[in-house]
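Raw protein.pdb, PDB, C-alpha atoms:
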```
ATOM      1  CA  MET W   5      -8.683  27.952  15.603
ATOM      2  CA  THR W   6     -11.477  26.987  13.225
ATOM      3  CA  MET W   7     -13.199  23.608  13.225
ATOM      4  CA  ARG W   8     -15.229  22.221  10.333
ATOM      5  CA  ARG W   9     -16.878  18.998   9.268
ATOM      6  CA  PHE W  10     -15.075  17.086   6.510
ATOM      7  CA  SER W  11     -16.168  13.665   5.271
ATOM      8  CA  GLY W  12     -17.973  12.846   8.501
ATOM      9  CA  ARG W  13     -15.079  13.889  10.719
ATOM     10  CA  LEU W  14     -14.408  17.004  12.684
ATOM     11  CA  LEU W  15     -11.063  18.416  11.590
ATOM     12  CA  ASN W  16      -8.943  21.172  13.001
ATOM     13  CA  ARG W  17      -8.178  23.342   9.974
ATOM     14  CA  ASP W  18      -4.695  24.153  11.279
ATOM     15  CA  ARG W  19      -3.861  20.444  11.678
ATOM     16  CA  ILE W  20      -5.142  19.191   8.299
ATOM     17  CA  TRP W  21      -1.963  20.307   6.519
ATOM     18  CA  HIS W  22       0.103  18.449   9.072
ATOM     19  CA  ARG W  23      -1.987  15.310   8.545
ATOM     20  CA  LEU W  24      -1.794  15.660   4.763
ATOM     21  CA  ALA W  25       1.999  15.953   4.982
ATOM     22  CA  MET W  26       2.130  12.840   7.182
ATOM     23  CA  SER W  27      -0.029  10.931   4.734
ATOM     24  CA  LEU W  28       2.034  12.029   1.736
ATOM     25  CA  ALA W  29       5.302  11.179   3.505
ATOM     26  CA  GLY W  30       3.960   7.769   4.478
ATOM     27  CA  VAL W  31       2.766   7.000   0.946
ATOM     28  CA  VAL W  32       6.108   8.068  -0.570
ATOM     29  CA  ILE W  33       8.012   5.937   1.969
ATOM     30  CA  LEU W  34       5.737   2.984   1.135
ATOM     31  CA  GLY W  35       6.423   3.434  -2.574
ATOM     32  CA  VAL W  36      10.177   3.546  -1.998
ATOM     33  CA  THR W  37      10.166   0.504   0.287
ATOM     34  CA  VAL W  38       8.044  -1.529  -2.137
ATOM     35  CA  GLY W  39      10.541  -0.680  -4.895
ATOM     36  CA  VAL W  40      13.501  -1.668  -2.713
ATOM     37  CA  ASN W  41      11.703  -4.877  -1.760
ATOM     38  CA  MET W  42      11.168  -5.700  -5.437
ATOM     39  CA  SER W  43      14.914  -5.285  -6.032
ATOM     40  CA  THR W  44      15.834  -7.781  -3.315
ATOM     41  CA  ARG W  45      13.996 -10.507  -5.235
ATOM     42  CA  LEU W  46      13.125 -12.206  -1.931
ATOM     43  CA  GLY W  47       9.360 -12.016  -2.322
ATOM     44  CA  MET W  48       6.837  -9.244  -2.648
ATOM     45  CA  ASP W  49       4.140  -8.434  -0.130
ATOM     46  CA  PRO W  50       0.971 -10.424  -0.981
ATOM     47  CA  PHE W  51      -0.801  -7.580  -2.766
ATOM     48  CA  GLY W  52       2.416  -6.628  -4.549
ATOM     49  CA  ALA W  53       2.780 -10.233  -5.723
ATOM     50  CA  PHE W  54      -0.756 -10.077  -7.092
ATOM     51  CA  VAL W  55      -0.022  -6.811  -8.916
ATOM     52  CA  VAL W  56       3.279  -8.115 -10.302
ATOM     53  CA  GLY W  57       1.547 -11.303 -11.406
ATOM     54  CA  THR W  58      -1.287  -9.502 -13.161
ATOM     55  CA  GLY W  59       1.306  -7.264 -14.791
ATOM     56  CA  LEU W  60       3.242 -10.284 -16.043
ATOM     57  CA  VAL W  61       0.053 -11.787 -17.492
ATOM     58  CA  SER W  62      -1.149  -8.508 -19.054
ATOM     59  CA  GLY W  63       2.240  -7.175 -20.118
ATOM     60  CA  LEU W  64       1.748  -3.948 -18.153
ATOM     61  CA  SER W  65       4.341  -2.466 -15.807
ATOM     62  CA  TYR W  66       3.983  -2.662 -12.035
ATOM     63  CA  GLY W  67       3.308   1.077 -11.804
ATOM     64  CA  VAL W  68       0.442   0.982 -14.306
ATOM     65  CA  MET W  69      -1.004  -2.280 -13.009
ATOM     66  CA  PHE W  70      -0.931  -1.002  -9.412
ATOM     67  CA  ILE W  71      -2.980   2.049 -10.378
ATOM     68  CA  LEU W  72      -5.498  -0.041 -12.344
ATOM     69  CA  VAL W  73      -6.021  -2.636  -9.606
ATOM     70  CA  GLN W  74      -6.214  -0.041  -6.820
ATOM     71  CA  ALA W  75      -8.664   2.050  -8.891
ATOM     72  CA  ALA W  76     -10.916  -0.969  -9.469
ATOM     73  CA  LEU W  77     -10.867  -1.754  -5.735
ATOM     74  CA  ALA W  78     -11.551   1.916  -4.900
ATOM     75  CA  VAL W  79     -14.645   1.919  -7.104
ATOM     76  CA  LEU W  80     -15.836  -1.267  -5.409
ATOM     77  CA  ALA W  81     -15.146   0.231  -1.960
ATOM     78  CA  LEU W  82     -17.100   3.365  -2.899
ATOM     79  CA  PHE W  83     -20.156   1.211  -3.538
ATOM     80  CA  LEU W  84     -19.712  -0.965  -0.451
ATOM     81  CA  ASP W  85     -18.584   1.547   2.194
ATOM     82  CA  ARG W  86     -17.141   4.874   1.110
ATOM     83  CA  HIS W  87     -16.072   5.704   4.682
ATOM     84  CA  TYR W  88     -12.587   4.258   4.094
ATOM     85  CA  ILE W  89     -11.925   6.139   0.855
ATOM     86  CA  HIS W  90     -10.251   9.485   1.476
ATOM     87  CA  VAL W  91      -7.179  11.515   0.578
ATOM     88  CA  SER W  92      -4.700   8.774   1.537
ATOM     89  CA  THR W  93      -6.557   6.376  -0.747
ATOM     90  CA  VAL W  94      -6.009   8.664  -3.716
ATOM     91  CA  LEU W  95      -2.380   9.358  -2.793
ATOM     92  CA  SER W  96      -1.703   5.643  -2.445
ATOM     93  CA  LEU W  97      -3.483   4.829  -5.702
ATOM     94  CA  LEU W  98      -1.537   7.423  -7.702
ATOM     95  CA  LEU W  99       1.898   7.309  -6.066
ATOM     96  CA  VAL W 100       2.868   3.939  -4.563
ATOM     97  CA  GLY W 101       3.008   1.945  -7.810
ATOM     98  CA  PRO W 102       4.854   4.485  -9.966
ATOM     99  CA  ILE W 103       7.321   5.310  -7.165
ATOM    100  CA  ALA W 104       7.971   1.601  -6.536
ATOM    101  CA  GLN W 105       8.517   1.007 -10.255
ATOM    102  CA  ALA W 106      10.938   3.948 -10.529
ATOM    103  CA  VAL W 107      12.890   2.916  -7.407
ATOM    104  CA  ARG W 108      13.151  -0.706  -8.554
ATOM    105  CA  ASP W 109      14.278   0.324 -12.035
ATOM    106  CA  PHE W 110      16.866   2.726 -10.559
ATOM    107  CA  ILE W 111      18.287   0.154  -8.127
ATOM    108  CA  ASP W 112      18.358  -2.630 -10.702
ATOM    109  CA  LEU W 113      20.138  -0.388 -13.205
ATOM    110  CA  ARG W 114      22.582   1.434 -10.897
ATOM    111  CA  PHE W 115      23.030  -0.805  -7.855
ATOM    112  CA  PRO W 116      21.959  -4.375  -8.642
ATOM    113  CA  MET W 117      21.829  -6.387  -5.428
ATOM    114  CA  GLN W 118      24.170  -9.340  -5.568
ATOM    115  CA  GLY W 119      24.523 -11.964  -2.875
ATOM    116  CA  LEU W 120      21.974 -13.357  -0.498
ATOM    117  CA  ALA W 121      23.503 -11.714   2.621
ATOM    118  CA  LEU W 122      23.181  -8.219   1.133
ATOM    119  CA  ARG W 123      19.645  -8.870  -0.087
ATOM    120  CA  LEU W 124      18.558 -10.219   3.329
ATOM    121  CA  THR W 125      20.135  -7.271   5.156
ATOM    122  CA  VAL W 126      18.453  -4.775   2.834
ATOM    123  CA  MET W 127      15.131  -6.589   3.224
ATOM    124  CA  VAL W 128      15.255  -6.431   7.049
ATOM    125  CA  ILE W 129      16.194  -2.719   7.096
ATOM    126  CA  ASN W 130      13.582  -2.044   4.434
ATOM    127  CA  LEU W 131      10.903  -3.756   6.532
ATOM    128  CA  ILE W 132      11.655  -1.415   9.445
ATOM    129  CA  VAL W 133      11.421   1.637   7.149
ATOM    130  CA  LEU W 134       8.180   0.265   5.681
ATOM    131  CA  CYS W 135       6.710   0.125   9.209
ATOM    132  CA  LEU W 136       7.681   3.768   9.717
ATOM    133  CA  GLY W 137       5.988   4.758   6.452
ATOM    134  CA  SER W 138       2.896   2.767   7.376
ATOM    135  CA  SER W 139       2.709   4.483  10.759
ATOM    136  CA  PHE W 140       2.811   7.945   9.126
ATOM    137  CA  TYR W 141       0.132   6.974   6.654
ATOM    138  CA  MET W 142      -2.144   5.378   9.262
ATOM    139  CA  THR W 143      -1.635   8.014  11.945
ATOM    140  CA  ALA W 144      -2.741  10.712   9.505
ATOM    141  CA  ASP W 145      -6.196   9.042   9.615
ATOM    142  CA  LEU W 146      -7.148  10.210   6.130
ATOM    143  CA  GLY W 147      -8.329   6.893   4.727
ATOM    144  CA  VAL W 148      -6.593   3.695   3.689
ATOM    145  CA  SER W 149      -5.539   2.184   0.397
ATOM    146  CA  SER W 150      -8.379   0.530  -1.464
ATOM    147  CA  TYR W 151      -6.728  -2.888  -0.983
ATOM    148  CA  ASP W 152      -6.539  -2.306   2.774
ATOM    149  CA  ALA W 153     -10.160  -1.132   2.820
ATOM    150  CA  MET W 154     -11.571  -4.335   1.325
ATOM    151  CA  PRO W 155     -10.843  -6.706   4.260
ATOM    152  CA  ILE W 156     -12.119  -4.062   6.701
ATOM    153  CA  ILE W 157     -15.346  -3.689   4.738
ATOM    154  CA  ILE W 158     -15.806  -7.458   4.374
ATOM    155  CA  SER W 159     -15.168  -7.946   8.085
ATOM    156  CA  ASN W 160     -17.623  -5.198   9.044
ATOM    157  CA  LYS W 161     -20.362  -6.435   6.710
ATOM    158  CA  SER W 162     -19.959 -10.156   7.421
ATOM    159  CA  GLY W 163     -19.092 -10.114  11.117
ATOM    160  CA  TRP W 164     -16.059 -12.304  10.433
ATOM    161  CA  PRO W 165     -12.915 -11.401  12.404
ATOM    162  CA  PHE W 166     -10.774  -8.883  10.535
ATOM    163  CA  ARG W 167      -7.624 -10.907  11.197
ATOM    164  CA  LEU W 168      -9.027 -13.944   9.369
ATOM    165  CA  VAL W 169     -10.396 -11.890   6.484
ATOM    166  CA  ARG W 170      -7.045 -10.146   6.030
ATOM    167  CA  ILE W 171      -5.129 -13.436   6.151
ATOM    168  CA  ALA W 172      -7.513 -14.907   3.560
ATOM    169  CA  SER W 173      -7.176 -11.821   1.347
ATOM    170  CA  ASP W 174      -3.389 -11.867   1.542
ATOM    171  CA  SER W 175      -3.315 -15.632   0.921
ATOM    172  CA  VAL W 176      -5.450 -15.343  -2.212
ATOM    173  CA  CYS W 177      -3.239 -12.522  -3.512
ATOM    174  CA  ALA W 178      -0.023 -14.431  -2.791
ATOM    175  CA  LEU W 179      -1.416 -17.562  -4.463
ATOM    176  CA  ALA W 180      -2.477 -15.571  -7.525
ATOM    177  CA  GLY W 181       1.013 -14.063  -7.607
ATOM    178  CA  VAL W 182       2.665 -17.497  -7.455
ATOM    179  CA  LEU W 183       0.416 -18.868 -10.192
ATOM    180  CA  SER W 184       1.225 -15.951 -12.479
ATOM    181  CA  GLY W 185       5.000 -15.988 -11.940
ATOM    182  CA  ALA W 186       5.577 -13.246  -9.336
ATOM    183  CA  ASP W 187       8.371 -13.456  -6.751
ATOM    184  CA  VAL W 188       6.958 -14.972  -3.586
ATOM    185  CA  GLY W 189       9.305 -15.888  -0.758
ATOM    186  CA  ILE W 190      10.474 -14.929   2.705
ATOM    187  CA  GLY W 191       9.653 -11.277   1.999
ATOM    188  CA  THR W 192       6.053 -12.297   1.338
ATOM    189  CA  LEU W 193       5.807 -14.096   4.676
ATOM    190  CA  LEU W 194       7.368 -11.219   6.594
TER     191      LEU W 194
END
```
Take the structure in this file and express it as structure tokens.
Amino acid sequence: MTMRRFSGRLLNRDRIWHRLAMSLAGVVILGVTVGVNMSTRLGMDPFGAFVVGTGLVSGLSYGVMFILVQAALAVLALFLDRHYIHVSTVLSLLLVGPIAQAVRDFIDLRFPMQGLALRLTVMVINLIVLCLGSSFYMTADLGVSSYDAMPIIISNKSGWPFRLVRIASDSVCALAGVLSGADVGIGTLL
């Protein structure tokens, strides 16, 4: 068993492929669940609302806008504290938005969700699956999305509690989403 230093961490070479697979699986699950959530029309997550809103204003699709916003935040994070930028950051940047867009387009075209009861049921099940995807992605410990990195970096640099910084970040994103016409609702709160 060979050990080597990689990005400031000691990694077991035999385990890195396992961690990469976990990260990839988590990112793909996140993309699918974001797309399903978009199809319920019950409110996006705060960052998703921001991305949808900026897409509505710019005329760009969710998939393209997600990549652009995440890339801009990744560049900023590289200057502020590159520790949080890693393989999962790149996977999230490149995959979540396009997968979510494709899943939403597929569901809306083939299986449009009618009725509030169905949409609520799908949203609750989807939230559980989203938690599973998030656990894969976080357990892999190969970085975080650039949006997730920003509140951590701000909290570390300012000394403010992470919880408050994250709530403020999510609130600003949700407000920007509302102001630009994105779906914000019970799904956003959950």
Q) What does the distance between CA of Gly47 (chain W) and CA of Asp112 (chain W) come to in Å, to one decimal place? A)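 Here the two named atoms are 15.5 Å from each other.
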Q.
For this structure, which residues satisfy the selection - the PyMOL selection byres ((chain W and resi 40) around 9) - when it is evaluated on the file as given? I want them as an MDAnalysis selection string.
A. chainID W and resid 35:39 41:44 104 107:108 111 126:127 130
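Each of W:Gln74, W:Phe51, W:Leu80, W:Val32 was compared to Arg170 (chain W) using only C-alpha atoms, and W:Phe51 turns out to be the nearest.
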Written as a JSON list (two decimals) with C-alpha atoms, keeping the file's coordinate frame, what is the full residue list that the PyMOL selection byres ((chain W and resi 89) around 9) yields on the file shown?
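What follows is the written file part_22.json:
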```json
[["chain", "number", "residue", "atom", "x", "y", "z"],
["W", 78, "ALA", "CA", -11.55, 1.92, -4.90],
["W", 81, "ALA", "CA", -15.15, 0.23, -1.96],
["W", 82, "LEU", "CA", -17.10, 3.36, -2.90],
["W", 85, "ASP", "CA", -18.58, 1.55, 2.19],
["W", 86, "ARG", "CA", -17.14, 4.87, 1.11],
["W", 87, "HIS", "CA", -16.07, 5.70, 4.68],
["W", 88, "TYR", "CA", -12.59, 4.26, 4.09],
["W", 90, "HIS", "CA", -10.25, 9.48, 1.48],
["W", 91, "VAL", "CA", -7.18, 11.52, 0.58],
["W", 92, "SER", "CA", -4.70, 8.77, 1.54],
["W", 93, "THR", "CA", -6.56, 6.38, -0.75],
["W", 94, "VAL", "CA", -6.01, 8.66, -3.72],
["W", 146, "LEU", "CA", -7.15, 10.21, 6.13],
["W", 147, "GLY", "CA", -8.33, 6.89, 4.73],
["W", 148, "VAL", "CA", -6.59, 3.70, 3.69],
["W", 149, "SER", "CA", -5.54, 2.18, 0.40],
["W", 150, "SER", "CA", -8.38, 0.53, -1.46],
["W", 153, "ALA", "CA", -10.16, -1.13, 2.82]]
```
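Coordinates place CA of Thr192 (chain W) at a distance of 18.9 Å from CA of Gly119 (chain W).
Between Leu24 (chain W) and the candidates W:Val188, W:Val56, W:Val128, W:Leu95, the tightest atom-to-atom separation, counting all atoms listed in the file, involves W:Leu95.
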